[in-house]
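Visitor: Structure in structure tokens, see below.
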Amino acid sequence: QLCQWFPKTGGPHVYVQQAFGPIVSFFTGWTYWVISWISTTIVIIASIGYLTPLIGTHSPSIMVMMEIILVLMVTMLNFRGVSSAGRIEFILSLLKIIPLCIIPIGALFYFDSHNLVPDRSIEAFPLGNIISSVTLLTLWGFIGLESGTTPAESVENSTKTIPRAIIGGTACVALLYLFNSIGIMGMVPGAQLIVSNAPYADAVRIVFGGNWYVIISVIASIICLGTLNAWTLTSGQIALGLAQDRLIPPIFDRKNSYGAPYWSLTISCLGIIPLLILTANQTLARQVLSIIDFSVTAFVFVYAICCLAFLKILFEKNQPFSAKIFRYIYATIALSFCCWIIYETPLINNCIASVFILSGLPVFIYMQKRK
């Protein structure tokens, strides 16, 4: 709805600026931009990890080199502009359908309810903690549903196309997640699944046998590649929108002959590489889960401020209350959900997520002095 009202490039910060002005808008946009490429780290690691059945297991240094090469390749692709990146994303999305539809259907013939067992370390947790942790991990799977709003000015008939894409896409993803999660958890023994690095490959070994798992591993890697491409595109558009609104230095507004914001894309790419090097260490592998926790929490901050912006803009609209009541209801539900997630998140995670927000303070001060 916010995108329908304000179809501008940049996404969340555009709506916040309409409601609360440039200061809150800057920190919203900055947080959204930083988290967009920090959270991409996990997608890159997963994409290369799924190739291990094909390329074998290598030392952490070789794996991180392949991850860096992958980031550079996708960034160069996005230098060709929104249209090229969008066409590639469409092809990659079609390839996703193969394993995401075939495997759950095959899993029905191998389903065993005894495989649905929790990790023993989780069983000791209070029910409230389990629900909040599961919600956080589930929300991670849907993070990015709003990214369709970021290139609004490059989308034809954006006020209709983008809402349809977000609602239709989210509904399809929800169904795919449901069928795939139940299928794989019911087919692969729990003890094996807990430590698996490539659950789809493990599932294909059971269903088809032979070397089919290698093909599925490659397709699963392509799925991750599609997500990486989408987030790379989004990161560039977020920074571009911030620069167009003069919230960050104008260097981010520079475009090449294809209309791609090359400095925005380059800096986002350079921000990912240190995180890949950091997580290459086997002893630091568990930091991936921490990145998920911090990223989701920071994203929820962005969602919450957008809900507040929505309510403020809606209140100021010159319409009878009866015409706005439905929007008030779903905005209040969305805000309540965000507040619950933040409340249930450990204090240390909220503090670290706040650091992502405050990391933009030097840039904000610089821009104020520049003005």
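Chain labels A, B, ... are given in the sequence in which chains occur in the structure tokens; within each chain residues are numbered consecutively from 1, and ligands are likewise numbered from 1 in the order shown.
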Which residues are close to Ile23 in chain A, i.e. within 12 Å by only C-alpha atoms, leaving aside same-chain residues fewer than 6 positions away? Reply as a PyMOL selection string.

Guide: chain A and resi 13-14+16-17+29-30+242+245-248+360-361+363-365+367-368

Visitor: As a PyMOL selection string, please: the residues near Val302 in chain A (cut-off 7 Å, only C-alpha atoms, same-chain neighbours under 3 positions excluded).

Guide: chain A and resi 28+32+298-299+305-306

Visitor: Do a neighbour search on range 82-96 of chain A at 12 Å with only C-alpha atoms, toss out local chain neighbours closer than 3 positions, and write the hits as a PyMOL selection string.

Guide: chain A and resi 9+73-79+99-103+148+150-156+169+173+176+215-237+255-262+265

Visitor: Write the selection just made, keeping C-alpha atoms, as a PDB file, in the first residue's frame?

Guide:
ATOM      1  CA  THR A   9      13.044   4.124  -6.008  1.00  0.00           C
ATOM      2  CA  MET A  73      30.288 -12.134 -11.042  1.00  0.00           C
ATOM      3  CA  VAL A  74      26.796 -11.278  -9.787  1.00  0.00           C
ATOM      4  CA  THR A  75      27.821  -7.670  -9.156  1.00  0.00           C
ATOM      5  CA  MET A  76      29.167  -7.398 -12.722  1.00  0.00           C
ATOM      6  CA  LEU A  77      25.865  -8.814 -13.992  1.00  0.00           C
ATOM      7  CA  ASN A  78      23.984  -6.059 -12.174  1.00  0.00           C
ATOM      8  CA  PHE A  79      26.235  -3.489 -13.853  1.00  0.00           C
ATOM      9  CA  PRO A  99      13.490 -29.206  -7.143  1.00  0.00           C
ATOM     10  CA  LEU A 100      10.943 -27.236  -5.125  1.00  0.00           C
ATOM     11  CA  CYS A 101       8.042 -29.136  -6.725  1.00  0.00           C
ATOM     12  CA  ILE A 102       9.505 -32.556  -7.554  1.00  0.00           C
ATOM     13  CA  ILE A 103      11.192 -33.291  -4.207  1.00  0.00           C
ATOM     14  CA  GLY A 148      10.156  -5.526  -4.884  1.00  0.00           C
ATOM     15  CA  THR A 150      13.011  -0.711  -4.206  1.00  0.00           C
ATOM     16  CA  PRO A 151      13.219  -0.326  -8.034  1.00  0.00           C
ATOM     17  CA  ALA A 152       9.713   1.218  -8.255  1.00  0.00           C
ATOM     18  CA  GLU A 153      10.627   3.871 -10.825  1.00  0.00           C
ATOM     19  CA  SER A 154      12.100   1.192 -13.127  1.00  0.00           C
ATOM     20  CA  VAL A 155       8.947  -0.961 -13.050  1.00  0.00           C
ATOM     21  CA  GLU A 156       6.128  -0.559 -15.555  1.00  0.00           C
ATOM     22  CA  GLY A 169       5.032 -14.058  -4.642  1.00  0.00           C
ATOM     23  CA  VAL A 173       6.711 -18.932  -1.380  1.00  0.00           C
ATOM     24  CA  LEU A 176       6.590 -23.976  -1.294  1.00  0.00           C
ATOM     25  CA  ILE A 215      22.190 -32.378 -10.356  1.00  0.00           C
ATOM     26  CA  ILE A 216      19.843 -31.267  -7.574  1.00  0.00           C
ATOM     27  CA  SER A 217      22.778 -29.800  -5.665  1.00  0.00           C
ATOM     28  CA  VAL A 218      23.652 -27.664  -8.686  1.00  0.00           C
ATOM     29  CA  ILE A 219      20.020 -26.546  -9.026  1.00  0.00           C
ATOM     30  CA  ALA A 220      19.896 -25.751  -5.291  1.00  0.00           C
ATOM     31  CA  SER A 221      23.040 -23.663  -5.744  1.00  0.00           C
ATOM     32  CA  ILE A 222      21.298 -21.856  -8.617  1.00  0.00           C
ATOM     33  CA  ILE A 223      18.356 -21.147  -6.305  1.00  0.00           C
ATOM     34  CA  CYS A 224      20.750 -19.433  -3.915  1.00  0.00           C
ATOM     35  CA  LEU A 225      22.307 -17.634  -6.876  1.00  0.00           C
ATOM     36  CA  GLY A 226      18.896 -16.237  -7.786  1.00  0.00           C
ATOM     37  CA  THR A 227      18.462 -14.900  -4.259  1.00  0.00           C
ATOM     38  CA  LEU A 228      21.947 -13.386  -4.386  1.00  0.00           C
ATOM     39  CA  ASN A 229      21.159 -11.675  -7.684  1.00  0.00           C
ATOM     40  CA  ALA A 230      17.918 -10.255  -6.281  1.00  0.00           C
ATOM     41  CA  TRP A 231      19.592  -8.891  -3.147  1.00  0.00           C
ATOM     42  CA  THR A 232      22.471  -7.406  -5.142  1.00  0.00           C
ATOM     43  CA  LEU A 233      19.949  -5.588  -7.320  1.00  0.00           C
ATOM     44  CA  THR A 234      18.065  -4.456  -4.200  1.00  0.00           C
ATOM     45  CA  SER A 235      21.200  -3.178  -2.430  1.00  0.00           C
ATOM     46  CA  GLY A 236      22.101  -0.997  -5.390  1.00  0.00           C
ATOM     47  CA  GLN A 237      18.580   0.418  -5.651  1.00  0.00           C
ATOM     48  CA  LYS A 255      25.029   5.471 -13.101  1.00  0.00           C
ATOM     49  CA  ASN A 256      26.714   3.813 -16.052  1.00  0.00           C
ATOM     50  CA  SER A 257      25.359   3.694 -19.611  1.00  0.00           C
ATOM     51  CA  TYR A 258      22.973   0.880 -18.609  1.00  0.00           C
ATOM     52  CA  GLY A 259      21.427   2.958 -15.826  1.00  0.00           C
ATOM     53  CA  ALA A 260      23.065   0.834 -13.103  1.00  0.00           C
ATOM     54  CA  PRO A 261      24.257   2.634  -9.921  1.00  0.00           C
ATOM     55  CA  TYR A 262      27.788   1.242 -10.177  1.00  0.00           C
ATOM     56  CA  LEU A 265      26.741  -1.914  -6.285  1.00  0.00           C
TER      57      LEU A 265
END

Visitor: Neighbours of range 203-212 of chain A within 8 Å (only C-alpha atoms; same-chain residues fewer than 4 positions away dropped), as number ranges by chain?

Guide: A: 103, 106-107, 110, 184, 187-188, 199, 216

Visitor: With only C-alpha atoms as the basis for distance, which of A:Tyr303, A:Tyr177, A:Phe125, A:Phe356 is at the shortest distance from Glu146 in chain A?

Guide: A:Tyr303

Visitor: For each of A:Lys324, A:Gly11, A:Val64, A:Asp293, take the minimum atom-to-atom distance to Ile348 in chain A, counting only C-alpha atoms, then give the residue where this is smallest.

Guide: A:Asp293

Visitor: Which residue is closest to Pro189 in chain A? Choose from A:Pro118, A:Pro12, A:Pro22, A:Pro163 and count only C-alpha atoms.

Guide: A:Pro118

Visitor: Can you tell me how far CA of Arg164 in chain A sits from CA of Ser336 in chain A, in Å to one decimal?

Guide: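 Computing it gives 24.2 Å between the two atoms.
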